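Coordinates as given in final00.json (JSON, C-alpha atoms):
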[["chain", "number", "residue", "atom", "x", "y", "z"],
["C", 405, "MET", "CA", -20.31, -151.38, 9.26],
["C", 406, "THR", "CA", -23.18, -153.66, 8.53],
["C", 407, "SER", "CA", -22.06, -155.68, 11.57],
["C", 408, "PRO", "CA", -21.85, -153.44, 14.67],
["C", 409, "ARG", "CA", -18.55, -153.50, 16.53],
["C", 410, "PRO", "CA", -17.50, -151.27, 19.42],
["C", 411, "ARG", "CA", -14.04, -150.66, 18.03],
["C", 412, "LEU", "CA", -11.89, -147.96, 19.55],
["C", 413, "PRO", "CA", -8.96, -146.09, 17.92],
["C", 414, "ARG", "CA", -5.90, -148.08, 16.97],
["C", 415, "ARG", "CA", -2.74, -146.79, 18.64],
["C", 416, "LEU", "CA", 0.10, -145.92, 16.30],
["C", 417, "LEU", "CA", 3.33, -143.93, 16.41],
["C", 418, "LEU", "CA", 3.35, -141.63, 13.40],
["C", 419, "SER", "CA", 5.75, -139.65, 11.31],
["C", 420, "ALA", "CA", 6.53, -137.47, 8.31],
["C", 421, "ILE", "CA", 4.90, -137.20, 4.89],
["C", 422, "CYS", "CA", 6.73, -138.69, 1.90],
["C", 423, "ALA", "CA", 6.74, -136.66, -1.32],
["C", 424, "LEU", "CA", 4.67, -138.12, -4.16],
["C", 425, "SER", "CA", 6.39, -138.83, -7.43],
["C", 426, "ALA", "CA", 5.90, -136.36, -10.28],
["C", 427, "LEU", "CA", 3.75, -137.81, -13.06],
["C", 428, "ALA", "CA", 3.64, -137.04, -16.76],
["C", 429, "LEU", "CA", 0.48, -135.54, -18.19],
["C", 430, "VAL", "CA", -1.02, -136.63, -21.49],
["C", 431, "PRO", "CA", -0.18, -134.38, -24.44],
["C", 432, "ALA", "CA", -2.18, -131.24, -25.18],
["C", 433, "SER", "CA", -3.25, -132.85, -28.44],
["C", 434, "SER", "CA", -5.50, -135.22, -26.50],
["C", 435, "GLY", "CA", -8.53, -133.21, -27.62],
["C", 436, "LEU", "CA", -9.65, -132.01, -24.19],
["C", 437, "ALA", "CA", -11.26, -128.59, -24.04],
["C", 438, "ALA", "CA", -9.18, -125.68, -22.81],
["C", 439, "GLY", "CA", -9.40, -125.23, -19.04],
["C", 440, "VAL", "CA", -10.43, -128.87, -18.39],
["C", 441, "PRO", "CA", -7.84, -130.79, -16.29],
["C", 442, "ALA", "CA", -6.05, -133.28, -18.51],
["C", 443, "PRO", "CA", -6.26, -136.95, -17.52],
["C", 444, "ARG", "CA", -2.97, -138.68, -16.88],
["C", 445, "ALA", "CA", -1.86, -142.25, -17.26],
["C", 446, "ALA", "CA", -1.89, -144.29, -14.04],
["C", 447, "ALA", "CA", 1.62, -144.93, -12.75],
["C", 448, "ALA", "CA", 2.87, -147.35, -10.11],
["C", 449, "THR", "CA", 3.99, -145.50, -6.99],
["C", 450, "PHE", "CA", 4.41, -148.41, -4.55],
["C", 451, "THR", "CA", 5.02, -152.08, -5.33],
["C", 452, "ASP", "CA", 6.14, -154.89, -3.09],
["C", 453, "ASP", "CA", 6.10, -158.44, -4.47],
["C", 454, "PHE", "CA", 7.98, -159.75, -1.41],
["C", 455, "ASP", "CA", 10.72, -161.42, -3.40],
["C", 456, "GLY", "CA", 13.69, -162.55, -1.35],
["C", 457, "PRO", "CA", 15.11, -165.51, 0.54],
["C", 458, "ALA", "CA", 13.04, -167.47, 3.02],
["C", 459, "GLY", "CA", 13.22, -166.00, 6.50],
["C", 460, "ALA", "CA", 14.24, -162.52, 5.37],
["C", 461, "ALA", "CA", 12.59, -159.52, 6.97],
["C", 462, "VAL", "CA", 10.49, -157.10, 4.93],
["C", 463, "ASP", "CA", 12.16, -154.29, 2.99],
["C", 464, "GLY", "CA", 12.96, -151.62, 5.55],
["C", 465, "ALA", "CA", 12.95, -148.94, 2.85],
["C", 466, "LYS", "CA", 9.23, -149.63, 2.34],
["C", 467, "TRP", "CA", 7.91, -150.80, 5.71],
["C", 468, "GLN", "CA", 8.43, -150.16, 9.38],
["C", 469, "ILE", "CA", 7.45, -152.77, 11.95],
["C", 470, "GLU", "CA", 5.46, -151.74, 15.00],
["C", 471, "THR", "CA", 5.95, -153.38, 18.37],
["C", 472, "GLY", "CA", 3.86, -153.68, 21.51],
["C", 473, "ASP", "CA", 0.29, -154.47, 22.47],
["C", 474, "ASN", "CA", -2.98, -152.67, 21.71],
["C", 475, "VAL", "CA", -5.29, -151.91, 24.60],
["C", 476, "ASN", "CA", -7.57, -149.72, 22.45],
["C", 477, "ASN", "CA", -9.21, -152.72, 20.78],
["C", 478, "HIS", "CA", -8.46, -155.15, 23.63],
["C", 479, "GLU", "CA", -6.43, -157.24, 21.22],
["C", 480, "ARG", "CA", -4.50, -160.10, 22.82],
["C", 481, "GLN", "CA", -1.30, -160.22, 20.76],
["C", 482, "TYR", "CA", 2.11, -158.60, 21.21],
["C", 483, "TYR", "CA", 3.52, -157.27, 17.95],
["C", 484, "THR", "CA", 7.18, -158.27, 17.64],
["C", 485, "ALA", "CA", 10.12, -156.70, 15.79],
["C", 486, "GLY", "CA", 12.31, -158.02, 13.00],
["C", 487, "ASN", "CA", 11.39, -161.26, 11.24],
["C", 488, "SER", "CA", 10.05, -163.16, 14.23],
["C", 489, "ASN", "CA", 6.42, -162.90, 13.09],
["C", 490, "ALA", "CA", 6.74, -161.22, 9.67],
["C", 491, "ALA", "CA", 9.07, -162.83, 7.15],
["C", 492, "LEU", "CA", 9.38, -163.68, 3.47],
["C", 493, "ASN", "CA", 8.83, -167.34, 2.59],
["C", 494, "GLY", "CA", 11.17, -167.47, -0.40],
["C", 495, "GLN", "CA", 8.23, -168.00, -2.78],
["C", 496, "GLY", "CA", 7.30, -164.37, -3.33],
["C", 497, "HIS", "CA", 5.10, -163.99, -0.26],
["C", 498, "LEU", "CA", 5.16, -162.12, 3.02],
["C", 499, "VAL", "CA", 3.90, -164.32, 5.85],
["C", 500, "ILE", "CA", 2.59, -162.69, 9.01],
["C", 501, "THR", "CA", 2.31, -165.42, 11.63],
["C", 502, "ALA", "CA", 0.23, -165.36, 14.81],
["C", 503, "ARG", "CA", 1.41, -167.82, 17.45],
["C", 504, "ARG", "CA", 0.23, -168.84, 20.89],
["C", 505, "GLU", "CA", 3.53, -168.13, 22.67],
["C", 506, "ASN", "CA", 5.47, -165.66, 24.76],
["C", 507, "PRO", "CA", 9.19, -166.33, 24.28],
["C", 508, "ASN", "CA", 10.42, -163.10, 25.88],
["C", 509, "ASN", "CA", 7.95, -162.55, 28.73],
["C", 510, "TYR", "CA", 6.14, -159.79, 26.83],
["C", 511, "GLN", "CA", 3.68, -157.81, 28.95],
["C", 512, "CYS", "CA", 0.29, -156.77, 27.57],
["C", 513, "TRP", "CA", -2.54, -154.59, 28.88],
["C", 514, "TYR", "CA", -4.14, -157.67, 30.48],
["C", 515, "GLY", "CA", -0.93, -159.10, 31.99],
["C", 516, "ARG", "CA", 1.51, -161.62, 30.48],
["C", 517, "CYS", "CA", 0.85, -161.73, 26.73],
["C", 518, "GLU", "CA", -0.60, -164.94, 25.33],
["C", 519, "TYR", "CA", 0.13, -164.46, 21.61],
["C", 520, "THR", "CA", 2.62, -162.88, 19.22],
["C", 521, "SER", "CA", 2.00, -161.44, 15.75],
["C", 522, "ALA", "CA", 3.14, -158.57, 13.50],
["C", 523, "ARG", "CA", 1.99, -155.20, 12.20],
["C", 524, "LEU", "CA", 3.68, -153.19, 9.42],
["C", 525, "ASN", "CA", 3.09, -149.70, 8.08],
["C", 526, "THR", "CA", 4.56, -147.28, 5.54],
["C", 527, "SER", "CA", 4.37, -144.11, 7.67],
["C", 528, "GLY", "CA", 7.37, -141.91, 6.98],
["C", 529, "LYS", "CA", 8.25, -144.05, 3.94],
["C", 530, "PHE", "CA", 5.25, -143.88, 1.58],
["C", 531, "THR", "CA", 2.01, -141.90, 1.49],
["C", 532, "GLN", "CA", -0.40, -141.12, -1.32],
["C", 533, "THR", "CA", -3.53, -139.15, -2.08],
["C", 534, "TYR", "CA", -5.93, -140.96, -4.46],
["C", 535, "GLY", "CA", -5.32, -143.91, -6.74],
["C", 536, "HIS", "CA", -5.78, -147.67, -6.85],
["C", 537, "VAL", "CA", -4.63, -149.51, -3.72],
["C", 538, "GLU", "CA", -4.63, -153.31, -3.63],
["C", 539, "ALA", "CA", -3.26, -156.35, -1.85],
["C", 540, "ARG", "CA", -3.50, -159.97, -2.92],
["C", 541, "MET", "CA", -3.70, -162.10, 0.20],
["C", 542, "LYS", "CA", -4.81, -165.35, 1.76],
["C", 543, "VAL", "CA", -6.29, -164.78, 5.20],
["C", 544, "PRO", "CA", -6.01, -167.06, 8.25],
["C", 545, "ARG", "CA", -8.93, -168.96, 9.69],
["C", 546, "GLY", "CA", -10.32, -169.49, 13.15],
["C", 547, "GLN", "CA", -12.16, -167.80, 15.97],
["C", 548, "GLY", "CA", -10.35, -164.67, 17.15],
["C", 549, "MET", "CA", -8.36, -164.04, 13.97],
["C", 550, "TRP", "CA", -8.50, -160.44, 12.68],
["C", 551, "PRO", "CA", -6.39, -159.73, 9.57],
["C", 552, "ALA", "CA", -6.55, -156.27, 8.02],
["C", 553, "PHE", "CA", -5.21, -154.16, 5.15],
["C", 554, "TRP", "CA", -5.97, -150.50, 5.77],
["C", 555, "MET", "CA", -4.83, -146.88, 5.64],
["C", 556, "LEU", "CA", -4.57, -143.95, 8.04],
["C", 557, "GLY", "CA", -4.39, -140.23, 7.34],
["C", 558, "ASP", "CA", -0.76, -139.14, 7.59],
["C", 559, "ASP", "CA", -1.74, -136.19, 9.80],
["C", 560, "ILE", "CA", -2.85, -138.48, 12.64],
["C", 561, "GLY", "CA", 0.03, -137.24, 14.78],
["C", 562, "GLN", "CA", -1.36, -133.71, 14.56],
["C", 563, "VAL", "CA", -5.15, -134.18, 14.51],
["C", 564, "GLY", "CA", -5.58, -137.58, 16.20],
["C", 565, "TRP", "CA", -7.98, -140.39, 15.36],
["C", 566, "PRO", "CA", -10.66, -140.36, 13.98],
["C", 567, "ASN", "CA", -10.07, -136.85, 12.57],
["C", 568, "SER", "CA", -7.18, -138.30, 10.57],
["C", 569, "GLY", "CA", -9.54, -140.63, 8.73],
["C", 570, "GLU", "CA", -9.20, -144.37, 8.26],
["C", 571, "ILE", "CA", -9.86, -146.39, 5.10],
["C", 572, "ASP", "CA", -10.22, -150.11, 5.79],
["C", 573, "VAL", "CA", -9.57, -151.81, 2.47],
["C", 574, "MET", "CA", -10.20, -155.25, 3.96],
["C", 575, "GLU", "CA", -10.96, -156.63, 7.40],
["C", 576, "ASN", "CA", -11.97, -160.18, 8.22],
["C", 577, "VAL", "CA", -13.02, -161.65, 11.54],
["C", 578, "GLY", "CA", -12.65, -165.36, 12.06],
["C", 579, "PHE", "CA", -16.28, -166.06, 12.88],
["C", 580, "GLU", "CA", -17.18, -164.88, 9.35],
["C", 581, "PRO", "CA", -14.98, -167.08, 7.13],
["C", 582, "SER", "CA", -16.81, -166.12, 3.92],
["C", 583, "THR", "CA", -17.09, -162.36, 4.51],
["C", 584, "VAL", "CA", -14.82, -159.32, 4.46],
["C", 585, "HIS", "CA", -15.61, -155.71, 5.33],
["C", 586, "GLY", "CA", -14.61, -152.35, 3.84],
["C", 587, "THR", "CA", -15.16, -149.26, 6.00],
["C", 588, "LEU", "CA", -14.53, -145.54, 6.36],
["C", 589, "HIS", "CA", -13.90, -144.02, 9.79],
["C", 590, "GLY", "CA", -13.80, -140.30, 10.48],
["C", 591, "PRO", "CA", -15.13, -137.62, 12.84],
["C", 592, "GLY", "CA", -18.69, -138.58, 13.76],
["C", 593, "TYR", "CA", -18.53, -141.98, 12.06],
["C", 594, "SER", "CA", -15.85, -143.98, 13.86],
["C", 595, "GLY", "CA", -15.73, -147.32, 15.66],
["C", 596, "SER", "CA", -19.05, -149.12, 15.40],
["C", 597, "GLY", "CA", -20.42, -146.07, 13.57],
["C", 598, "GLY", "CA", -18.08, -146.48, 10.61],
["C", 599, "ILE", "CA", -19.56, -146.24, 7.12],
["C", 600, "GLY", "CA", -19.09, -149.46, 5.15],
["C", 601, "ALA", "CA", -20.38, -152.69, 3.71],
["C", 602, "ALA", "CA", -19.56, -156.40, 3.55],
["C", 603, "TYR", "CA", -18.70, -158.71, 0.68],
["C", 604, "THR", "CA", -19.49, -162.42, 0.94],
["C", 605, "LEU", "CA", -18.16, -165.18, -1.28],
["C", 606, "PRO", "CA", -20.79, -167.36, -2.95],
["C", 607, "ASN", "CA", -21.58, -170.98, -2.13],
["C", 608, "GLY", "CA", -20.04, -170.96, 1.33],
["C", 609, "GLN", "CA", -16.47, -170.49, 0.10],
["C", 610, "ALA", "CA", -13.98, -169.32, 2.73],
["C", 611, "PHE", "CA", -11.45, -166.56, 2.14],
["C", 612, "ALA", "CA", -8.82, -168.70, 3.90],
["C", 613, "ASP", "CA", -9.04, -171.30, 1.12],
["C", 614, "GLY", "CA", -7.16, -169.21, -1.45],
["C", 615, "PHE", "CA", -5.74, -165.88, -2.50],
["C", 616, "HIS", "CA", -8.04, -162.93, -3.21],
["C", 617, "THR", "CA", -7.35, -159.37, -4.32],
["C", 618, "PHE", "CA", -8.76, -156.64, -2.08],
["C", 619, "ALA", "CA", -8.73, -153.10, -3.48],
["C", 620, "VAL", "CA", -10.03, -149.58, -3.30],
["C", 621, "ASP", "CA", -10.22, -147.04, -6.09],
["C", 622, "TRP", "CA", -9.88, -143.68, -4.40],
["C", 623, "ALA", "CA", -10.66, -140.36, -6.09],
["C", 624, "PRO", "CA", -11.59, -136.84, -4.98],
["C", 625, "GLY", "CA", -14.86, -137.26, -3.07],
["C", 626, "SER", "CA", -15.22, -141.03, -3.46],
["C", 627, "VAL", "CA", -13.86, -144.42, -2.37],
["C", 628, "THR", "CA", -14.90, -147.62, -4.18],
["C", 629, "TRP", "CA", -14.19, -151.14, -2.85],
["C", 630, "SER", "CA", -13.77, -154.38, -4.77],
["C", 631, "VAL", "CA", -12.85, -158.02, -4.22],
["C", 632, "ASP", "CA", -11.26, -159.83, -7.16],
["C", 633, "GLY", "CA", -12.44, -156.97, -9.36],
["C", 634, "ASN", "CA", -16.06, -157.20, -8.17],
["C", 635, "VAL", "CA", -17.16, -153.77, -6.94],
["C", 636, "TYR", "CA", -19.37, -153.99, -3.86],
["C", 637, "GLN", "CA", -19.67, -150.45, -2.53],
["C", 638, "ARG", "CA", -18.89, -146.81, -3.30],
["C", 639, "ARG", "CA", -18.90, -144.08, -0.66],
["C", 640, "THR", "CA", -19.03, -140.31, -1.08],
["C", 641, "PRO", "CA", -19.59, -137.32, 1.25],
["C", 642, "ALA", "CA", -23.33, -137.81, 0.72],
["C", 643, "ASP", "CA", -23.12, -141.01, 2.81],
["C", 644, "LEU", "CA", -21.80, -139.26, 5.93],
["C", 645, "GLY", "CA", -24.99, -137.63, 7.19],
["C", 646, "GLY", "CA", -23.46, -134.18, 7.23],
["C", 647, "ASN", "CA", -20.19, -135.23, 8.88],
["C", 648, "THR", "CA", -16.85, -134.16, 7.46],
["C", 649, "TRP", "CA", -15.18, -136.05, 4.60],
["C", 650, "VAL", "CA", -11.49, -136.38, 5.56],
["C", 651, "PHE", "CA", -10.17, -138.42, 2.63],
["C", 652, "ASP", "CA", -8.66, -135.81, 0.31],
["C", 653, "LYS", "CA", -5.12, -135.89, 1.74],
["C", 654, "PRO", "CA", -2.15, -138.28, 2.06],
["C", 655, "PHE", "CA", -2.65, -141.67, 3.72],
["C", 656, "PHE", "CA", -0.19, -144.46, 4.53],
["C", 657, "LEU", "CA", -0.63, -148.25, 4.38],
["C", 658, "ILE", "CA", -0.93, -150.81, 7.19],
["C", 659, "LEU", "CA", -0.89, -154.63, 7.20],
["C", 660, "ASN", "CA", -1.52, -156.56, 10.39],
["C", 661, "LEU", "CA", -2.85, -159.74, 11.92],
["C", 662, "ALA", "CA", -4.52, -159.13, 15.27],
["C", 663, "VAL", "CA", -5.54, -161.86, 17.69],
["C", 664, "GLY", "CA", -8.73, -161.28, 19.65],
["C", 665, "GLY", "CA", -10.34, -157.97, 20.48],
["C", 666, "TYR", "CA", -13.76, -156.43, 20.87],
["C", 667, "TRP", "CA", -14.96, -157.24, 17.36],
["C", 668, "PRO", "CA", -13.64, -160.74, 16.59],
["C", 669, "GLY", "CA", -13.74, -162.00, 20.17],
["C", 670, "ASP", "CA", -10.90, -164.03, 21.64],
["C", 671, "PRO", "CA", -9.60, -167.38, 20.36],
["C", 672, "ASP", "CA", -11.26, -170.44, 21.87],
["C", 673, "GLY", "CA", -10.74, -174.16, 21.94],
["C", 674, "SER", "CA", -11.57, -174.42, 18.24],
["C", 675, "THR", "CA", -8.74, -172.09, 17.19],
["C", 676, "SER", "CA", -5.53, -173.74, 16.05],
["C", 677, "PHE", "CA", -2.12, -172.03, 16.02],
["C", 678, "PRO", "CA", -0.02, -170.90, 14.30],
["C", 679, "GLN", "CA", -2.22, -168.94, 11.87],
["C", 680, "GLN", "CA", -0.90, -166.99, 8.90],
["C", 681, "LEU", "CA", -1.81, -163.99, 6.78],
["C", 682, "VAL", "CA", -0.02, -164.65, 3.47],
["C", 683, "VAL", "CA", 0.51, -161.58, 1.28],
["C", 684, "ASP", "CA", 1.38, -162.07, -2.39],
["C", 685, "HIS", "CA", 1.73, -158.40, -3.27],
["C", 686, "VAL", "CA", 0.82, -154.85, -2.33],
["C", 687, "ARG", "CA", 0.48, -152.33, -5.17],
["C", 688, "VAL", "CA", -0.50, -148.68, -5.41],
["C", 689, "THR", "CA", -0.99, -146.73, -8.62],
["C", 690, "THR", "CA", -1.96, -143.13, -9.17],
["C", 691, "SER", "CA", -5.43, -142.07, -10.15],
["C", 692, "ASP", "CA", -5.97, -141.55, -13.87],
["C", 693, "LEU", "CA", -7.71, -138.27, -13.07],
["C", 694, "ARG", "CA", -5.98, -135.14, -11.90],
["C", 695, "PRO", "CA", -7.34, -133.98, -8.50],
["C", 696, "PRO", "CA", -8.95, -130.54, -8.43],
["C", 697, "ALA", "CA", -6.63, -127.55, -8.15]]
Spit out the file's structure as structure tokens when you get a sec.
Amino acid sequence: MTSPRPRLPRRLLLSAICALSALALVPASSGLAAGVPAPRAAAATFTDDFDGPAGAAVDGAKWQIETGDNVNNHERQYYTAGNSNAALNGQGHLVITARRENPNNYQCWYGRCEYTSARLNTSGKFTQTYGHVEARMKVPRGQGMWPAFWMLGDDIGQVGWPNSGEIDVMENVGFEPSTVHGTLHGPGYSGSGGIGAAYTLPNGQAFADGFHTFAVDWAPGSVTWSVDGNVYQRRTPADLGGNTWVFDKPFFLILNLAVGGYWPGDPDGSTSFPQQLVVDHVRVTTSDLRPPA
């Protein structure tokens, strides 16, 4: 990261790998030389436009909802189940809401929890290797807010973090309203040593003022980040200082809104609640290049 942060591994319960859909190759008449892998048309493999009635929970065939606290980052929230903190709004959006509350006497690493929020992932339901991964979202605002759209290697249950790899498509911390971060984490480059860069909106605009599209284009040996189609960094094994590239395998998706923690710091008197991460869509398409055999 361009902004140091002593972040520790995120705790997650993990599961099985989903099979990727078979994809049609372009015809042999495409003119490619014999022995050269044929390109293939990009195909949608995961789409959620969050259509449904207001108050409905997310599609359980696509997402699972995590519950509990997170001592690893010293976050302050308790992630709740069902639609308490993650629900459709009836207008084609998923709304993840962080509240200053504790309706069920939730217990956190620091004692009685002060906040609730939600975290969703696709582990055991959807994974993919390579392609275009994007979410169109409007982030919350305020000190202590930490929304993120990211991915973890599906083998995390076997190899642990950071050997699993982590691709942060977008993270924002409330004290930087105009800036988001994209980062790789892996063995030898995790936590504050992650490899990444920041993207800042011009003219003092804040990401909380409107929707923006955060994406990565992921291919064998490279990950490229963009905001609203504007590419701001590309990372390859050459950027890792001799450490191992762990991004040529299946990953799953995660959406969450954390409250407090080592990096963003805790909410203060200037932070108003509730705060919301509003997600218009999440879409994944295949790469238009066949990975190496």
Dump as a tab-separated table the rows for residues of stretch 519-584 of chain C within 12 Å of stretch 633-644 of chain C: closest atom pair and distance in Å with one decimal, all atoms listed in the file counted, ordered by chain and rising residue number.
residue	atom	partner	partner_atom	distance
C:His536	CA	C:Gly633	CA	11.7
C:Glu538	CA	C:Gly633	CA	10.4
C:Ala539	CA	C:Gly633	CA	11.9
C:Arg540	CA	C:Gly633	CA	11.4
C:Ile571	CA	C:Arg639	CA	11.0
C:Val573	CA	C:Gln637	CA	11.4
C:Val584	CA	C:Tyr636	CA	10.9
Output C-alpha atoms for every residue in the selection just made, as a PDB file, keeping the file's coordinate frame.
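And here is the file that came out, result_22.pdb:
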ATOM      1  CA  HIS C 536      -5.780-147.670  -6.850  1.00  0.00           C
ATOM      2  CA  GLU C 538      -4.630-153.310  -3.630  1.00  0.00           C
ATOM      3  CA  ALA C 539      -3.260-156.350  -1.850  1.00  0.00           C
ATOM      4  CA  ARG C 540      -3.500-159.970  -2.920  1.00  0.00           C
ATOM      5  CA  ILE C 571      -9.860-146.390   5.100  1.00  0.00           C
ATOM      6  CA  VAL C 573      -9.570-151.810   2.470  1.00  0.00           C
ATOM      7  CA  VAL C 584     -14.820-159.320   4.460  1.00  0.00           C
TER       8      VAL C 584
END
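Proximity to C:Asp558 was assessed for C:Thr533, C:Thr484, C:Asn506, C:Asn476 counting only C-alpha atoms; the smallest distance is recorded for C:Thr533.
Between C:Leu556 and the candidates C:Gly586, C:Gly645, C:Pro457, C:Gly569, the tightest atom-to-atom separation, counting only C-alpha atoms, involves C:Gly569.
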(message) Please list as JSON, numbers by chain every residue within 6 Å of C:Leu588, counting all atoms listed in the file and excluding residues in the same chain fewer than 5 positions away.
(response) {"C": [570, 571, 598, 599]}
Next, the residues of the selection above should be written as an mmCIF file, keeping the file's coordinate frame with C-alpha atoms.
data_model
loop_
_atom_site.group_PDB
_atom_site.id
_atom_site.type_symbol
_atom_site.label_atom_id
_atom_site.label_comp_id
_atom_site.auth_asym_id
_atom_site.auth_seq_id
_atom_site.Cartn_x
_atom_site.Cartn_y
_atom_site.Cartn_z
ATOM 1 C CA GLU C 570 -9.200 -144.370 8.260
ATOM 2 C CA ILE C 571 -9.860 -146.390 5.100
ATOM 3 C CA GLY C 598 -18.080 -146.480 10.610
ATOM 4 C CA ILE C 599 -19.560 -146.240 7.120
#
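Counting all atoms listed in the file, the residue from C:Met541, C:Ala447, C:Ala491, C:Ala522 that sits nearest to C:His685 is C:Met541.
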